[in-house]
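> My structure is stored as protein-v1.tsv, with TSV, C-alpha atoms.
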```tsv
chain	number	residue	atom	x	y	z
K	1	MET	CA	-30.48	11.16	-36.11
K	2	GLY	CA	-31.37	13.66	-33.38
K	3	ALA	CA	-28.36	15.78	-34.28
K	4	VAL	CA	-29.32	15.73	-37.96
K	5	ALA	CA	-32.91	16.69	-37.07
K	6	LEU	CA	-31.57	19.60	-35.01
K	7	GLY	CA	-29.58	20.67	-38.08
K	8	ILE	CA	-32.74	20.70	-40.23
K	9	PHE	CA	-34.53	22.67	-37.49
K	10	CYS	CA	-31.77	25.30	-37.44
K	11	LEU	CA	-31.66	25.61	-41.21
K	12	ILE	CA	-35.41	25.98	-41.73
K	13	THR	CA	-35.61	28.44	-38.83
K	14	SER	CA	-32.78	30.41	-40.43
K	15	GLU	CA	-34.45	30.34	-43.85
K	16	LEU	CA	-37.84	31.55	-42.56
K	17	LEU	CA	-36.72	33.83	-39.71
K	18	PRO	CA	-36.93	37.06	-41.76
K	19	VAL	CA	-40.70	36.53	-42.21
K	20	GLY	CA	-41.34	37.93	-38.74
K	21	LEU	CA	-38.58	40.56	-38.87
K	22	LEU	CA	-38.97	42.16	-42.33
K	23	THR	CA	-40.31	45.48	-41.07
K	24	SER	CA	-37.60	45.86	-38.44
K	25	VAL	CA	-34.78	45.01	-40.86
K	26	GLY	CA	-36.16	47.29	-43.55
K	27	ALA	CA	-36.63	50.21	-41.19
K	28	GLU	CA	-33.07	50.07	-39.83
K	29	LEU	CA	-31.32	49.39	-43.15
K	30	GLY	CA	-33.45	51.78	-45.21
K	31	VAL	CA	-35.18	49.38	-47.62
K	32	SER	CA	-38.86	48.70	-48.32
K	33	ASP	CA	-40.69	45.66	-47.01
K	34	GLY	CA	-40.80	44.28	-50.55
K	35	THR	CA	-37.03	44.58	-50.91
K	36	ALA	CA	-36.51	43.10	-47.46
K	37	GLY	CA	-38.60	40.13	-48.61
K	38	LEU	CA	-35.65	39.12	-50.81
K	39	MET	CA	-34.16	37.71	-47.60
K	40	VAL	CA	-36.68	34.85	-47.96
K	41	THR	CA	-36.94	34.59	-51.75
K	42	VAL	CA	-33.21	34.46	-52.50
K	43	PRO	CA	-32.29	31.56	-50.17
K	44	GLY	CA	-35.18	29.49	-51.52
K	45	ILE	CA	-34.06	29.85	-55.13
K	46	VAL	CA	-30.41	29.23	-54.21
K	47	ALA	CA	-31.38	26.14	-52.21
K	48	ALA	CA	-33.17	24.68	-55.24
K	49	PHE	CA	-30.05	24.87	-57.39
K	50	CYS	CA	-27.58	23.94	-54.65
K	51	ALA	CA	-29.31	20.70	-53.65
K	52	PRO	CA	-27.94	18.79	-56.68
K	53	LEU	CA	-24.79	20.93	-56.96
K	54	VAL	CA	-23.64	20.21	-53.41
K	55	THR	CA	-24.55	16.53	-53.71
K	56	VAL	CA	-22.30	16.19	-56.75
K	57	GLY	CA	-19.63	18.56	-55.44
K	58	ALA	CA	-19.27	16.59	-52.22
K	59	GLY	CA	-17.61	13.88	-54.32
K	60	ARG	CA	-15.59	11.52	-52.16
K	61	LEU	CA	-15.84	13.64	-49.01
K	62	ASP	CA	-17.07	12.06	-45.79
K	63	ARG	CA	-20.75	13.07	-45.49
K	64	ARG	CA	-20.25	13.76	-41.79
K	65	PHE	CA	-17.84	16.58	-42.57
K	66	VAL	CA	-20.01	17.87	-45.42
K	67	LEU	CA	-22.95	18.25	-43.02
K	68	VAL	CA	-20.71	19.88	-40.42
K	69	GLY	CA	-19.34	22.30	-43.02
K	70	LEU	CA	-22.81	23.28	-44.22
K	71	ILE	CA	-24.02	23.93	-40.68
K	72	ALA	CA	-20.90	25.99	-40.02
K	73	LEU	CA	-21.66	28.02	-43.16
K	74	MET	CA	-25.20	28.67	-41.92
K	75	ALA	CA	-23.97	29.72	-38.47
K	76	VAL	CA	-21.40	32.13	-39.88
K	77	ALA	CA	-23.95	33.57	-42.35
K	78	ASN	CA	-26.37	34.40	-39.53
K	79	LEU	CA	-23.63	35.98	-37.44
K	80	VAL	CA	-22.68	38.10	-40.47
K	81	VAL	CA	-26.32	39.22	-40.82
K	82	ALA	CA	-26.33	40.17	-37.13
K	83	LEU	CA	-23.31	42.44	-37.69
K	84	ALA	CA	-24.16	43.66	-41.22
K	85	PRO	CA	-23.70	47.40	-41.85
K	86	GLY	CA	-26.05	47.41	-44.86
K	87	PHE	CA	-28.63	45.40	-46.77
K	88	GLY	CA	-26.14	44.31	-49.43
K	89	VAL	CA	-24.14	42.40	-46.84
K	90	VAL	CA	-27.35	40.90	-45.43
K	91	LEU	CA	-28.40	39.62	-48.86
K	92	ALA	CA	-24.94	38.17	-49.57
K	93	ALA	CA	-25.08	36.27	-46.26
K	94	ARG	CA	-28.58	35.02	-47.06
K	95	LEU	CA	-27.18	33.51	-50.29
K	96	LEU	CA	-24.95	31.36	-48.09
K	97	VAL	CA	-27.97	30.28	-46.06
K	98	GLY	CA	-29.54	29.02	-49.30
K	99	VAL	CA	-26.42	26.97	-50.08
K	100	SER	CA	-26.58	25.43	-46.60
K	101	VAL	CA	-30.30	24.63	-46.75
K	102	GLY	CA	-30.17	22.98	-50.18
K	103	GLY	CA	-27.01	20.97	-49.58
K	104	PHE	CA	-27.77	19.83	-46.02
K	105	TRP	CA	-31.37	18.83	-46.78
K	106	ALA	CA	-30.37	16.84	-49.88
K	107	ILE	CA	-27.72	14.83	-48.03
K	108	ALA	CA	-29.54	14.50	-44.70
K	109	GLY	CA	-32.76	13.33	-46.37
K	110	GLY	CA	-31.25	10.02	-47.40
K	111	ILE	CA	-28.94	9.48	-44.45
K	112	ALA	CA	-31.34	7.38	-42.37
K	113	VAL	CA	-30.67	4.31	-44.51
K	114	ARG	CA	-27.04	4.44	-43.35
K	115	LEU	CA	-27.59	5.11	-39.65
K	116	VAL	CA	-30.44	2.82	-38.55
K	117	PRO	CA	-31.66	-0.72	-39.32
K	118	GLU	CA	-34.00	-0.98	-42.29
K	119	ARG	CA	-37.07	-1.48	-40.13
K	120	HIS	CA	-36.49	1.91	-38.45
K	121	VAL	CA	-35.77	3.95	-41.60
K	122	GLY	CA	-39.32	5.33	-41.80
K	123	ARG	CA	-39.35	6.57	-38.22
K	124	ALA	CA	-35.82	7.95	-38.48
K	125	THR	CA	-36.75	9.87	-41.64
K	126	ALA	CA	-39.82	11.23	-39.84
K	127	LEU	CA	-37.55	12.43	-37.02
K	128	VAL	CA	-35.31	14.30	-39.45
K	129	PHE	CA	-38.22	15.89	-41.28
K	130	GLY	CA	-39.86	16.74	-37.98
K	131	GLY	CA	-37.39	19.61	-37.92
K	132	VAL	CA	-39.31	21.35	-40.74
K	133	PRO	CA	-42.73	21.86	-39.09
K	134	THR	CA	-41.10	22.27	-35.67
K	135	ALA	CA	-39.12	25.22	-37.04
K	136	SER	CA	-42.40	26.80	-38.15
K	137	VAL	CA	-44.09	26.16	-34.78
K	138	LEU	CA	-41.22	26.94	-32.41
K	139	GLY	CA	-38.20	28.33	-34.22
K	140	VAL	CA	-39.69	31.20	-36.21
K	141	PRO	CA	-42.10	32.44	-33.47
K	142	ALA	CA	-39.29	32.26	-30.89
K	143	GLY	CA	-36.96	34.17	-33.19
K	144	THR	CA	-39.63	36.78	-33.86
K	145	LEU	CA	-40.23	37.23	-30.12
K	146	LEU	CA	-36.49	37.55	-29.50
K	147	GLY	CA	-36.33	40.16	-32.25
K	148	GLU	CA	-39.12	42.15	-30.62
K	149	LEU	CA	-37.39	42.03	-27.22
K	150	GLY	CA	-33.76	42.52	-28.20
K	151	GLY	CA	-33.77	43.66	-31.81
K	152	TRP	CA	-33.56	41.74	-35.08
K	153	ARG	CA	-29.78	41.45	-34.87
K	154	THR	CA	-30.12	39.53	-31.62
K	155	ALA	CA	-32.48	37.04	-33.27
K	156	PHE	CA	-30.05	36.29	-36.11
K	157	ALA	CA	-27.15	36.04	-33.65
K	158	ALA	CA	-29.13	33.52	-31.58
K	159	VAL	CA	-29.76	31.31	-34.63
K	160	GLY	CA	-26.05	31.53	-35.46
K	161	GLY	CA	-25.18	30.43	-31.93
K	162	LEU	CA	-27.64	27.53	-32.14
K	163	GLY	CA	-25.95	26.54	-35.40
K	164	LEU	CA	-22.60	26.34	-33.62
K	165	LEU	CA	-24.13	24.08	-30.95
K	166	THR	CA	-25.55	21.89	-33.72
K	167	LEU	CA	-22.12	21.74	-35.32
K	168	ALA	CA	-20.69	20.39	-32.05
K	169	ALA	CA	-23.50	17.82	-31.79
K	170	LEU	CA	-22.86	16.58	-35.33
K	171	LEU	CA	-19.14	16.24	-34.67
K	172	LEU	CA	-19.69	14.35	-31.42
K	173	LEU	CA	-22.60	12.10	-32.42
K	174	LEU	CA	-22.37	11.33	-36.13
K	175	PRO	CA	-20.16	8.37	-37.11
K	176	PRO	CA	-17.90	8.58	-40.18
K	177	LEU	CA	-20.02	8.45	-43.34
K	178	PRO	CA	-17.70	7.89	-46.31
K	179	PRO	CA	-19.41	8.10	-49.72
K	180	THR	CA	-20.72	4.79	-50.99
K	181	ARG	CA	-20.23	5.80	-54.62
K	182	ARG	CA	-19.07	8.75	-56.68
K	183	ILE	CA	-21.89	10.99	-57.91
K	184	THR	CA	-21.66	12.89	-61.20
K	185	PHE	CA	-23.87	15.49	-62.86
K	186	ALA	CA	-24.73	12.96	-65.55
K	187	GLN	CA	-26.46	10.77	-62.93
K	188	LEU	CA	-29.10	13.44	-62.24
K	189	PRO	CA	-30.83	13.40	-65.65
K	190	ALA	CA	-29.98	9.70	-66.09
K	191	LEU	CA	-31.87	8.79	-62.93
K	192	LEU	CA	-34.88	10.76	-64.15
K	193	ARG	CA	-34.78	9.07	-67.55
K	194	HIS	CA	-34.40	5.51	-66.38
K	195	ASN	CA	-36.27	5.40	-63.06
K	196	ARG	CA	-40.05	5.71	-63.33
K	197	GLY	CA	-40.50	5.93	-59.57
K	198	VAL	CA	-38.14	8.88	-59.27
K	199	ARG	CA	-39.82	10.67	-62.19
K	200	ALA	CA	-43.20	10.19	-60.60
K	201	GLY	CA	-41.89	11.33	-57.20
K	202	VAL	CA	-40.51	14.55	-58.68
K	203	ALA	CA	-43.83	15.18	-60.47
K	204	VAL	CA	-45.84	14.57	-57.29
K	205	THR	CA	-43.49	16.88	-55.39
K	206	PHE	CA	-44.09	19.66	-57.91
K	207	LEU	CA	-47.88	19.26	-57.87
K	208	MET	CA	-48.30	18.97	-54.11
K	209	VAL	CA	-45.87	21.69	-53.06
K	210	THR	CA	-47.05	24.12	-55.75
K	211	GLY	CA	-50.64	23.47	-54.69
K	212	GLN	CA	-49.75	23.94	-51.05
K	213	PHE	CA	-48.02	27.28	-51.46
K	214	ALA	CA	-50.52	28.61	-54.00
K	215	ALA	CA	-52.95	28.46	-51.07
K	216	TYR	CA	-50.83	28.74	-47.92
K	217	THR	CA	-49.01	31.90	-49.04
K	218	PHE	CA	-52.38	33.66	-48.73
K	219	VAL	CA	-53.67	31.84	-45.67
K	220	ARG	CA	-54.11	35.05	-43.67
K	221	PRO	CA	-56.47	36.77	-46.16
K	222	ILE	CA	-58.24	33.44	-46.73
K	223	LEU	CA	-58.97	33.09	-43.03
K	224	GLN	CA	-60.00	36.72	-42.60
K	225	ASP	CA	-61.91	37.39	-45.84
K	226	VAL	CA	-63.45	33.98	-46.56
K	227	SER	CA	-63.76	32.28	-43.15
K	228	GLY	CA	-64.36	35.49	-41.19
K	229	VAL	CA	-61.70	34.78	-38.56
K	230	GLY	CA	-60.72	37.84	-36.51
K	231	ALA	CA	-57.29	39.32	-37.27
K	232	GLY	CA	-56.14	38.86	-33.67
K	233	PHE	CA	-56.90	35.13	-33.76
K	234	VAL	CA	-55.02	34.30	-36.97
K	235	SER	CA	-51.58	33.99	-35.34
K	236	THR	CA	-52.94	31.55	-32.76
K	237	LEU	CA	-54.57	29.49	-35.50
K	238	LEU	CA	-51.32	29.35	-37.45
K	239	LEU	CA	-49.55	27.99	-34.38
K	240	GLY	CA	-52.24	25.31	-34.24
K	241	TYR	CA	-51.67	24.62	-37.93
K	242	GLY	CA	-47.96	24.11	-37.27
K	243	ALA	CA	-48.58	21.84	-34.29
K	244	ALA	CA	-50.95	19.75	-36.40
K	245	GLY	CA	-48.22	19.58	-39.04
K	246	VAL	CA	-45.75	18.14	-36.52
K	247	ALA	CA	-48.31	15.47	-35.58
K	248	GLY	CA	-48.96	14.69	-39.26
K	249	ASN	CA	-45.24	14.28	-39.91
K	250	PHE	CA	-44.84	11.61	-37.26
K	251	LEU	CA	-48.11	9.89	-38.14
K	252	ALA	CA	-46.90	9.50	-41.72
K	253	GLY	CA	-43.41	8.31	-40.80
K	254	GLY	CA	-42.95	4.57	-41.35
K	255	ARG	CA	-46.14	4.20	-43.41
K	256	ASP	CA	-46.33	3.25	-47.08
K	257	ALA	CA	-45.49	6.44	-48.98
K	258	HIS	CA	-47.78	5.75	-51.96
K	259	ARG	CA	-50.86	5.09	-49.85
K	260	THR	CA	-50.11	8.03	-47.56
K	261	LEU	CA	-49.62	10.50	-50.42
K	262	LEU	CA	-52.76	9.23	-52.16
K	263	ALA	CA	-54.78	9.84	-48.99
K	264	VAL	CA	-53.10	13.18	-48.33
K	265	GLY	CA	-53.57	14.46	-51.90
K	266	ALA	CA	-57.25	13.50	-51.98
K	267	SER	CA	-57.85	14.94	-48.50
K	268	LEU	CA	-56.13	18.24	-49.27
K	269	ALA	CA	-58.08	18.60	-52.53
K	270	VAL	CA	-61.30	18.41	-50.50
K	271	ILE	CA	-60.05	20.55	-47.60
K	272	LEU	CA	-58.79	23.38	-49.82
K	273	ALA	CA	-61.99	23.36	-51.89
K	274	LEU	CA	-64.06	23.61	-48.70
K	275	ILE	CA	-61.98	26.36	-47.10
K	276	ALA	CA	-62.43	28.39	-50.30
K	277	THR	CA	-66.21	28.07	-50.24
K	278	LEU	CA	-67.38	27.66	-46.63
K	279	SER	CA	-67.75	30.74	-44.44
K	280	GLY	CA	-67.66	30.83	-40.67
K	281	ALA	CA	-64.84	30.98	-38.14
K	282	VAL	CA	-65.58	27.48	-36.77
K	283	ALA	CA	-65.43	25.88	-40.21
K	284	GLY	CA	-62.27	27.83	-41.05
K	285	THR	CA	-60.59	26.72	-37.82
K	286	VAL	CA	-61.43	23.04	-38.26
K	287	LEU	CA	-60.37	23.04	-41.90
K	288	LEU	CA	-57.09	24.83	-41.16
K	289	LEU	CA	-56.12	22.27	-38.50
K	290	ALA	CA	-57.05	19.42	-40.85
K	291	TRP	CA	-54.96	21.13	-43.53
K	292	GLY	CA	-51.94	21.24	-41.24
K	293	LEU	CA	-52.34	17.62	-40.17
K	294	ALA	CA	-52.60	16.39	-43.77
K	295	PHE	CA	-49.75	18.43	-45.24
K	296	GLY	CA	-47.49	17.56	-42.30
K	297	GLY	CA	-47.09	14.08	-43.77
K	298	VAL	CA	-46.02	15.26	-47.23
K	299	GLY	CA	-42.30	15.93	-46.69
K	300	VAL	CA	-41.47	12.65	-44.96
K	301	SER	CA	-43.62	10.64	-47.40
K	302	LEU	CA	-41.97	12.20	-50.45
K	303	GLN	CA	-38.55	11.45	-49.00
K	304	SER	CA	-39.55	7.84	-48.26
K	305	TRP	CA	-40.88	7.55	-51.83
K	306	MET	CA	-37.55	8.66	-53.29
K	307	ILE	CA	-35.49	6.36	-51.06
K	308	LYS	CA	-37.65	3.38	-52.02
K	309	ALA	CA	-37.57	4.30	-55.71
K	310	ALA	CA	-33.76	4.54	-55.78
K	311	PRO	CA	-32.30	2.85	-52.69
K	312	ASP	CA	-28.81	2.66	-54.20
K	313	GLU	CA	-28.87	6.31	-55.31
K	314	ALA	CA	-30.65	7.88	-52.34
K	315	GLU	CA	-28.53	11.06	-52.34
K	316	VAL	CA	-29.14	11.72	-56.04
K	317	ALA	CA	-32.88	11.08	-55.73
K	318	SER	CA	-33.10	13.21	-52.59
K	319	SER	CA	-31.30	16.11	-54.25
K	320	LEU	CA	-33.78	16.04	-57.15
K	321	MET	CA	-36.71	16.08	-54.73
K	322	VAL	CA	-35.25	18.93	-52.65
K	323	ALA	CA	-34.54	20.99	-55.79
K	324	MET	CA	-38.10	20.54	-57.05
K	325	PHE	CA	-39.53	21.19	-53.56
K	326	ASN	CA	-37.86	24.60	-53.36
K	327	LEU	CA	-38.70	25.54	-56.96
K	328	ALA	CA	-42.31	24.53	-56.34
K	329	ILE	CA	-42.51	26.85	-53.32
K	330	ALA	CA	-41.68	29.78	-55.61
K	331	ALA	CA	-44.04	28.50	-58.33
K	332	GLY	CA	-46.87	28.14	-55.82
K	333	ALA	CA	-46.46	31.62	-54.40
K	334	LEU	CA	-46.32	33.07	-57.93
K	335	SER	CA	-49.38	31.20	-59.23
K	336	GLY	CA	-51.34	31.98	-56.09
K	337	GLY	CA	-50.52	35.66	-56.39
K	338	LEU	CA	-51.63	35.74	-60.02
K	339	VAL	CA	-55.05	34.20	-59.32
K	340	VAL	CA	-55.59	36.33	-56.21
K	341	ASP	CA	-54.85	39.53	-58.15
K	342	GLY	CA	-56.73	38.41	-61.25
K	343	ILE	CA	-59.76	36.68	-59.70
K	344	SER	CA	-60.18	36.65	-55.91
K	345	VAL	CA	-58.70	35.37	-52.66
K	346	SER	CA	-60.85	32.23	-52.88
K	347	ALA	CA	-59.19	31.32	-56.18
K	348	ALA	CA	-55.89	30.58	-54.39
K	349	PRO	CA	-57.12	27.56	-52.35
K	350	LEU	CA	-59.22	26.41	-55.34
K	351	THR	CA	-56.05	26.40	-57.45
K	352	GLY	CA	-54.32	24.44	-54.70
K	353	ALA	CA	-57.22	21.99	-54.58
K	354	GLY	CA	-56.94	21.34	-58.32
K	355	LEU	CA	-53.21	20.67	-58.11
K	356	MET	CA	-53.68	18.38	-55.11
K	357	GLY	CA	-56.27	16.42	-57.08
K	358	LEU	CA	-53.81	16.03	-59.97
K	359	ALA	CA	-51.17	14.87	-57.48
K	360	ALA	CA	-53.53	12.23	-56.06
K	361	VAL	CA	-54.31	10.96	-59.58
K	362	THR	CA	-50.57	10.80	-60.36
K	363	VAL	CA	-49.92	8.77	-57.20
K	364	TRP	CA	-52.80	6.41	-58.01
K	365	VAL	CA	-51.64	5.82	-61.59
K	366	THR	CA	-48.08	5.24	-60.39
K	367	SER	CA	-49.25	2.76	-57.75
K	368	VAL	CA	-51.35	0.82	-60.25
K	369	SER	CA	-48.43	0.69	-62.70
K	370	ARG	CA	-46.06	-0.41	-59.95
K	371	ARG	CA	-48.36	-3.24	-58.86
K	372	ALA	CA	-48.78	-4.38	-62.47
K	373	ARG	CA	-45.02	-4.54	-63.00
K	374	ALA	CA	-44.56	-6.40	-59.72
K	375	THR	CA	-47.19	-8.96	-60.80
K	376	VAL	CA	-45.45	-9.49	-64.13
K	377	ALA	CA	-42.06	-9.83	-62.46
K	378	ALA	CA	-43.41	-12.39	-59.99
K	379	ALA	CA	-45.06	-14.59	-62.62
K	380	PRO	CA	-43.16	-17.72	-63.77
K	381	ALA	CA	-41.12	-16.88	-66.86
K	382	GLN	CA	-42.32	-19.98	-68.76
K	383	VAL	CA	-45.99	-18.94	-68.70
K	384	LEU	CA	-45.33	-15.44	-70.03
K	385	PRO	CA	-45.47	-14.69	-73.75
K	386	ALA	CA	-42.17	-13.69	-75.27
K	387	THR	CA	-43.28	-10.08	-75.64
K	388	ALA	CA	-44.16	-9.85	-71.95
K	389	ARG	CA	-40.77	-11.26	-70.94
K	390	GLU	CA	-39.04	-8.73	-73.14
K	391	GLY	CA	-41.16	-5.90	-71.74
K	392	SER	CA	-40.33	-6.96	-68.18
K	393	ALA	CA	-36.63	-6.98	-68.97
K	394	ALA	CA	-36.90	-3.55	-70.55
K	395	ASP	CA	-38.68	-2.22	-67.46
K	396	HIS	CA	-35.91	-3.60	-65.28
K	397	ARG	CA	-33.26	-1.93	-67.38
```
Have the structure of the file written as structure tokens, please.

Amino acid sequence: MGAVALGIFCLITSELLPVGLLTSVGAELGVSDGTAGLMVTVPGIVAAFCAPLVTVGAGRLDRRFVLVGLIALMAVANLVVALAPGFGVVLAARLLVGVSVGGFWAIAGGIAVRLVPERHVGRATALVFGGVPTASVLGVPAGTLLGELGGWRTAFAAVGGLGLLTLAALLLLLPPLPPTRRITFAQLPALLRHNRGVRAGVAVTFLMVTGQFAAYTFVRPILQDVSGVGAGFVSTLLLGYGAAGVAGNFLAGGRDAHRTLLAVGASLAVILALIATLSGAVAGTVLLLAWGLAFGGVGVSLQSWMIKAAPDEAEVASSLMVAMFNLAIAAGALSGGLVVDGISVSAAPLTGAGLMGLAAVTVWVTSVSRRARATVAAAPAQVLPATAREGSAADHR
């Protein structure tokens, strides 16, 4: 599980690394900062589509070798970026990073159920998803610093080298993981149609992640213009946000996903509403750290939700969640940009707060429905009216 977590860390670091190097890359390769930003946008979109594609395409391949192949692809892509003569080559290599991120995340997300006893699945999933906030806290800042000291090519080469080390760790530490069943494209929509829990999980993923990135994409102007935080202090605060996210990830691991997401959604609705309306650096700092702590538990809880909703089709359910997660990142950034340009900076966190509130309501309704079905299923068949027995059977199907 540690090797898989290291793989997630490398992939997310690779995906987000250009954030701190856009100006340097653009200046050397002769493109604008906006064009250079495609190095982040393109992999995210590709990852959304490749999550289900790779899951199905893996077919009867041993999942151990699929993960190794995807990490190798990421490592090579970063080494190509480090040697690229022009921006076209850089963008082509970043497409491959998107393939790696989507495919690896979709398969790795449900792998805990195969590697550890059932009682440890929650903690093992938290360990894997700990690679996401850790990449934001350690990987991206370290890569940015390396880029400032040795040039942006050195930073990408270093991530490529770390990918090769991860490849070796996966080969040495992962046991054989033959597929438990063949996955087809038809299973993706079929699972959504027939599994209420998976449908609800995908909906909650969309609402929470869109709400998060509608606000977080503009966290710097929110802190400076609304909270009054000094520009020089923002970077330090964002490190604190990331550290709080790591803590939130491990606090959520192993807990009931429905209860955790209900608490997180309600808390984030309040936090984002307050950060949009309260001024003052102290209030902004406290709210930002609370924001990081709460959202840190989202990824691992969503993954646990999907595994519990479809334990026999964990890879399929995970690929649907990963696809929606990445699409929601783009949707959040777009919606946040529209309200910021059309209304004000404060409108971004208020939009996020509204979506988080809808997510909390969705989780609550799903939990109530789940408990009602469980009560019906547990009742003695002879005391149920015929219509209730038929409805229970239909729910099961």
> List every protein, DNA or RNA residue that has an atom no more than 10 Å from (-17.6, 26.8, -36.6) in the file's coordinate frame, counting only C-alpha atoms, and report them as a list in words.
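Every residue inside that radius is included here: Val68, Gly69, Leu70, Ile71, Ala72, Leu73, Met74, Ala75, Val76, Gly160, Gly161, Gly163, Leu164, Leu165, Thr166, Leu167 and Ala168 of chain K.
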> Which residue out of K:Ala281, K:Val286, K:Ala5, K:Met324 has the minimum interatomic distance to Thr205 (chain K) when all atoms listed in the file are used?
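Of K:Ala281, K:Val286, K:Ala5, K:Met324, the one nearest Thr205 (chain K), counting all atoms listed in the file, is K:Met324.
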> Tell me which protein, DNA and RNA residues are within 10 Å of region 15-26 of chain K, counting all atoms listed in the file, leaving out same-chain ones fewer than 2 positions away, and put them as a count of residues only.
49
> Pick out the residues sitting within 8 Å of region 355-372 of chain K, and hand them over as a list in words; count only C-alpha atoms, and ignore anything fewer than 4 positions along from it in its own chain.
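Neighbouring residues, sequence-local ones excluded: Gly197, Ala200, Ala203, Val204, Leu207, Met208, Thr210, Gly211, Gln212, His258, Leu261, Leu262, Ala263, Val264, Gly265, Ala266, Leu268, Ala269, Thr351 and Val376 of chain K.
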> Would you mind listing what lies within 9 Å of Ala124 (chain K) as a PDB file with C-alpha atoms, in the coordinates of the input, with all atoms listed in the file counted and same-chain residues fewer than 3 positions away left out?

```
ATOM      1  CA  MET K   1     -30.480  11.160 -36.110  1.00  0.00           C
ATOM      2  CA  GLY K   2     -31.370  13.660 -33.380  1.00  0.00           C
ATOM      3  CA  ALA K 112     -31.340   7.380 -42.370  1.00  0.00           C
ATOM      4  CA  VAL K 113     -30.670   4.310 -44.510  1.00  0.00           C
ATOM      5  CA  LEU K 115     -27.590   5.110 -39.650  1.00  0.00           C
ATOM      6  CA  VAL K 116     -30.440   2.820 -38.550  1.00  0.00           C
ATOM      7  CA  HIS K 120     -36.490   1.910 -38.450  1.00  0.00           C
ATOM      8  CA  VAL K 121     -35.770   3.950 -41.600  1.00  0.00           C
ATOM      9  CA  LEU K 127     -37.550  12.430 -37.020  1.00  0.00           C
ATOM     10  CA  VAL K 128     -35.310  14.300 -39.450  1.00  0.00           C
ATOM     11  CA  PHE K 129     -38.220  15.890 -41.280  1.00  0.00           C
ATOM     12  CA  GLY K 253     -43.410   8.310 -40.800  1.00  0.00           C
ATOM     13  CA  GLY K 254     -42.950   4.570 -41.350  1.00  0.00           C
TER      14      GLY K 254
END
```
